[in-house]
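Pasted below: upload08.cif, mmCIF, C-alpha atoms.
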```
data_protein
loop_
_atom_site.group_PDB
_atom_site.id
_atom_site.type_symbol
_atom_site.label_atom_id
_atom_site.label_comp_id
_atom_site.auth_asym_id
_atom_site.auth_seq_id
_atom_site.Cartn_x
_atom_site.Cartn_y
_atom_site.Cartn_z
ATOM 1 C CA MET A 786 -16.629 -15.482 -9.659
ATOM 2 C CA ARG A 787 -18.147 -14.387 -12.941
ATOM 3 C CA LYS A 788 -17.678 -16.453 -16.043
ATOM 4 C CA ARG A 789 -15.922 -14.839 -18.960
ATOM 5 C CA ASN A 790 -16.967 -16.731 -22.052
ATOM 6 C CA ARG A 791 -16.200 -14.205 -24.807
ATOM 7 C CA VAL A 792 -12.835 -13.902 -26.523
ATOM 8 C CA VAL A 793 -12.153 -10.545 -28.166
ATOM 9 C CA PRO A 794 -9.011 -10.292 -30.291
ATOM 10 C CA VAL A 795 -7.434 -6.864 -29.848
ATOM 11 C CA ARG A 796 -4.329 -5.417 -31.436
ATOM 12 C CA PHE A 797 -1.803 -3.271 -29.594
ATOM 13 C CA SER A 798 1.515 -1.791 -30.619
ATOM 14 C CA ASP A 799 4.557 -3.085 -28.760
ATOM 15 C CA HIS A 800 4.702 0.161 -26.800
ATOM 16 C CA GLU A 801 0.998 0.108 -25.880
ATOM 17 C CA LEU A 802 1.204 -3.486 -24.701
ATOM 18 C CA SER A 803 4.325 -2.832 -22.625
ATOM 19 C CA VAL A 804 2.628 0.162 -20.944
ATOM 20 C CA ILE A 805 -0.518 -1.906 -20.234
ATOM 21 C CA ASP A 806 1.538 -4.780 -18.835
ATOM 22 C CA ALA A 807 3.649 -2.433 -16.680
ATOM 23 C CA ASN A 808 0.548 -0.726 -15.276
ATOM 24 C CA ALA A 809 -1.145 -4.070 -14.608
ATOM 25 C CA LYS A 810 1.957 -5.299 -12.793
ATOM 26 C CA ARG A 811 2.156 -2.121 -10.672
ATOM 27 C CA ALA A 812 -1.531 -2.579 -9.779
ATOM 28 C CA LYS A 813 -0.857 -6.272 -8.981
ATOM 29 C CA MET A 814 -3.459 -7.327 -11.547
ATOM 30 C CA SER A 815 -3.409 -9.635 -14.533
ATOM 31 C CA ARG A 816 -3.580 -8.016 -17.959
ATOM 32 C CA THR A 817 -7.205 -9.141 -18.295
ATOM 33 C CA GLU A 818 -8.182 -7.815 -14.853
ATOM 34 C CA TYR A 819 -6.497 -4.507 -15.614
ATOM 35 C CA LEU A 820 -8.190 -4.055 -19.015
ATOM 36 C CA VAL A 821 -11.606 -5.105 -17.692
ATOM 37 C CA SER A 822 -11.306 -2.708 -14.733
ATOM 38 C CA ALA A 823 -10.243 0.134 -17.008
ATOM 39 C CA GLY A 824 -13.028 -0.625 -19.481
ATOM 40 C CA MET A 825 -15.670 -0.824 -16.748
ATOM 41 C CA ASP A 826 -14.510 2.459 -15.138
ATOM 42 C CA LYS A 827 -13.556 0.645 -11.937
ATOM 43 C CA PRO A 828 -10.836 2.191 -9.804
ATOM 44 C CA ILE A 829 -7.337 0.887 -10.422
ATOM 45 C CA VAL A 830 -5.323 1.456 -7.277
ATOM 46 C CA ILE A 831 -1.544 1.438 -7.108
ATOM 47 C CA LEU A 832 -0.068 1.496 -3.593
ATOM 48 C CA ASP A 833 3.539 2.311 -4.473
ATOM 49 C CA ASP A 834 3.693 5.525 -2.444
ATOM 50 C CA LEU A 835 2.252 4.045 0.740
ATOM 51 C CA LYS A 836 4.747 1.177 1.123
ATOM 52 C CA PRO A 837 7.864 3.297 1.785
ATOM 53 C CA MET A 838 5.877 5.392 4.251
ATOM 54 C CA LEU A 839 4.781 2.299 6.171
ATOM 55 C CA ALA A 840 8.337 0.935 6.188
ATOM 56 C CA GLU A 841 9.635 4.223 7.587
ATOM 57 C CA LEU A 842 6.882 4.223 10.203
ATOM 58 C CA ARG A 843 7.958 0.717 11.306
ATOM 59 C CA ARG A 844 11.579 1.880 11.607
ATOM 60 C CA ILE A 845 10.527 4.881 13.702
ATOM 61 C CA GLY A 846 8.470 2.591 15.924
ATOM 62 C CA ASN A 847 11.444 0.264 16.383
ATOM 63 C CA ASN A 848 13.647 3.215 17.371
ATOM 64 C CA ILE A 849 11.077 4.386 19.910
ATOM 65 C CA ASN A 850 10.899 0.888 21.388
ATOM 66 C CA GLN A 851 14.691 0.734 21.742
ATOM 67 C CA LEU A 852 14.794 4.164 23.415
ATOM 68 C CA THR A 853 11.946 3.214 25.729
ATOM 69 C CA ARG A 854 13.695 -0.013 26.793
ATOM 70 C CA LYS A 855 16.907 1.876 27.519
ATOM 71 C CA ALA A 856 15.043 4.560 29.480
ATOM 72 C CA ASN A 857 13.147 1.939 31.497
ATOM 73 C CA SER A 858 16.337 0.027 32.277
ATOM 74 C CA GLY A 859 18.083 3.202 33.461
ATOM 75 C CA GLU A 860 20.691 3.224 30.667
ATOM 76 C CA ILE A 861 19.532 6.647 29.546
ATOM 77 C CA TYR A 862 17.463 9.413 31.045
ATOM 78 C CA CYS A 863 15.212 11.332 28.725
ATOM 79 C CA VAL A 864 11.979 13.212 28.464
ATOM 80 C CA SER A 865 8.799 11.168 28.314
ATOM 81 C CA LEU A 866 8.208 9.678 24.901
ATOM 82 C CA SER A 867 4.651 8.583 25.695
ATOM 83 C CA GLU A 868 2.976 11.530 23.945
ATOM 84 C CA PHE A 869 5.181 11.087 20.862
ATOM 85 C CA SER A 870 4.527 7.358 20.884
ATOM 86 C CA GLU A 871 0.755 7.903 21.081
ATOM 87 C CA GLN A 872 0.860 10.306 18.130
ATOM 88 C CA LEU A 873 2.918 7.842 16.141
ATOM 89 C CA GLY A 874 0.373 5.145 16.934
ATOM 90 C CA THR A 875 -2.419 7.387 15.687
ATOM 91 C CA ILE A 876 -0.515 7.961 12.442
ATOM 92 C CA ALA A 877 0.041 4.232 12.032
ATOM 93 C CA VAL A 878 -3.637 3.450 12.554
ATOM 94 C CA GLY A 879 -4.568 6.097 9.984
ATOM 95 C CA LEU A 880 -2.102 4.787 7.409
ATOM 96 C CA TYR A 881 -3.252 1.199 7.830
ATOM 97 C CA ALA A 882 -6.894 2.340 7.495
ATOM 98 C CA ILE A 883 -6.022 4.134 4.247
ATOM 99 C CA GLN A 884 -4.211 1.064 2.971
ATOM 100 C CA LYS A 885 -7.209 -1.164 3.777
ATOM 101 C CA GLU A 886 -9.710 1.180 2.120
ATOM 102 C CA VAL A 887 -7.596 1.425 -1.016
ATOM 103 C CA SER A 888 -7.114 -2.330 -1.062
ATOM 104 C CA ASP A 889 -10.882 -2.859 -0.679
ATOM 105 C CA LEU A 890 -11.516 -0.397 -3.521
ATOM 106 C CA SER A 891 -9.196 -2.274 -5.836
ATOM 107 C CA GLN A 892 -11.061 -5.538 -5.215
ATOM 108 C CA GLN A 893 -14.471 -4.136 -6.230
#
```

Whole structure given in structure tokens:
Amino acid sequence: MRKRNRVVPVRFSDHELSVIDANAKRAKMSRTEYLVSAGMDKPIVILDDLKPMLAELRRIGNNINQLTRKANSGEIYCVSLSEFSEQLGTIAVGLYAIQKEVSDLSQQ
């Protein structure tokens, strides 16, 4: 880890500081990390939009599993869900790959 040995006093208005702190929190960074990243033109990644999508994908997967169990046990008779399940798996893999790439970007 690099050594930061310089202290630079900077003045912000209350509003500016609250915006900086809110953005740093959303990016899951400290204030210093956020300001250094912004000043060094490094990407600052906020994953807010991806989390609800992943949660919904998990719920859909759980529903498919429940339907599959019921179909396999003979409780219900339905059309094959294998194609739908495969497509859902492909979507999940893609979303997790996006999340990993964005996460890797934010750590550079």

Pick out the closest residue to Ile831 (chain A) from this set: A:Val793, A:Ile805, A:Val887, A:Val878. Count all atoms listed in the file.
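Checking each of A:Val793, A:Ile805, A:Val887, A:Val878 against Ile831 (chain A), counting all atoms listed in the file, the winner is A:Val887.
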
May I ask for the distance between CA of Tyr862 (chain A) and CA of Arg843 (chain A), given in Å to one decimal place?
23.6 Å

As a check of understanding, name the residues that the PyMOL selection byres ((chain A and resi 880) around 12) selects in the supplied structure, as a PyMOL selection string.
chain A and resi 832+834-843+873-879+881-887

File dump, residues just selected, C-alpha atoms, as a PDB file, keeping the file's coordinate frame:
```pdb
ATOM      1  CA  LEU A 832      -0.068   1.496  -3.593  1.00  0.00           C
ATOM      2  CA  ASP A 834       3.693   5.525  -2.444  1.00  0.00           C
ATOM      3  CA  LEU A 835       2.252   4.045   0.740  1.00  0.00           C
ATOM      4  CA  LYS A 836       4.747   1.177   1.123  1.00  0.00           C
ATOM      5  CA  PRO A 837       7.864   3.297   1.785  1.00  0.00           C
ATOM      6  CA  MET A 838       5.877   5.392   4.251  1.00  0.00           C
ATOM      7  CA  LEU A 839       4.781   2.299   6.171  1.00  0.00           C
ATOM      8  CA  ALA A 840       8.337   0.935   6.188  1.00  0.00           C
ATOM      9  CA  GLU A 841       9.635   4.223   7.587  1.00  0.00           C
ATOM     10  CA  LEU A 842       6.882   4.223  10.203  1.00  0.00           C
ATOM     11  CA  ARG A 843       7.958   0.717  11.306  1.00  0.00           C
ATOM     12  CA  LEU A 873       2.918   7.842  16.141  1.00  0.00           C
ATOM     13  CA  GLY A 874       0.373   5.145  16.934  1.00  0.00           C
ATOM     14  CA  THR A 875      -2.419   7.387  15.687  1.00  0.00           C
ATOM     15  CA  ILE A 876      -0.515   7.961  12.442  1.00  0.00           C
ATOM     16  CA  ALA A 877       0.041   4.232  12.032  1.00  0.00           C
ATOM     17  CA  VAL A 878      -3.637   3.450  12.554  1.00  0.00           C
ATOM     18  CA  GLY A 879      -4.568   6.097   9.984  1.00  0.00           C
ATOM     19  CA  TYR A 881      -3.252   1.199   7.830  1.00  0.00           C
ATOM     20  CA  ALA A 882      -6.894   2.340   7.495  1.00  0.00           C
ATOM     21  CA  ILE A 883      -6.022   4.134   4.247  1.00  0.00           C
ATOM     22  CA  GLN A 884      -4.211   1.064   2.971  1.00  0.00           C
ATOM     23  CA  LYS A 885      -7.209  -1.164   3.777  1.00  0.00           C
ATOM     24  CA  GLU A 886      -9.710   1.180   2.120  1.00  0.00           C
ATOM     25  CA  VAL A 887      -7.596   1.425  -1.016  1.00  0.00           C
TER      26      VAL A 887
END
```

Quick one: what's the axis-aligned box for region 791-794 of chain A, all listed atoms, 5 Å on every side, centre and edges in Å to one decimal, as AutoDock Vina command-line options?
```
--center_x -12.6 --center_y -12.2 --center_z -27.5 --size_x 17.2 --size_y 13.9 --size_z 15.5
```

Counting all atoms listed in the file, which residue out of A:Asn857, A:Asn850, A:Ser888, A:Thr817 sits closest to Val792 (chain A)?
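Smallest distance to Val792 (chain A) is found for A:Thr817.
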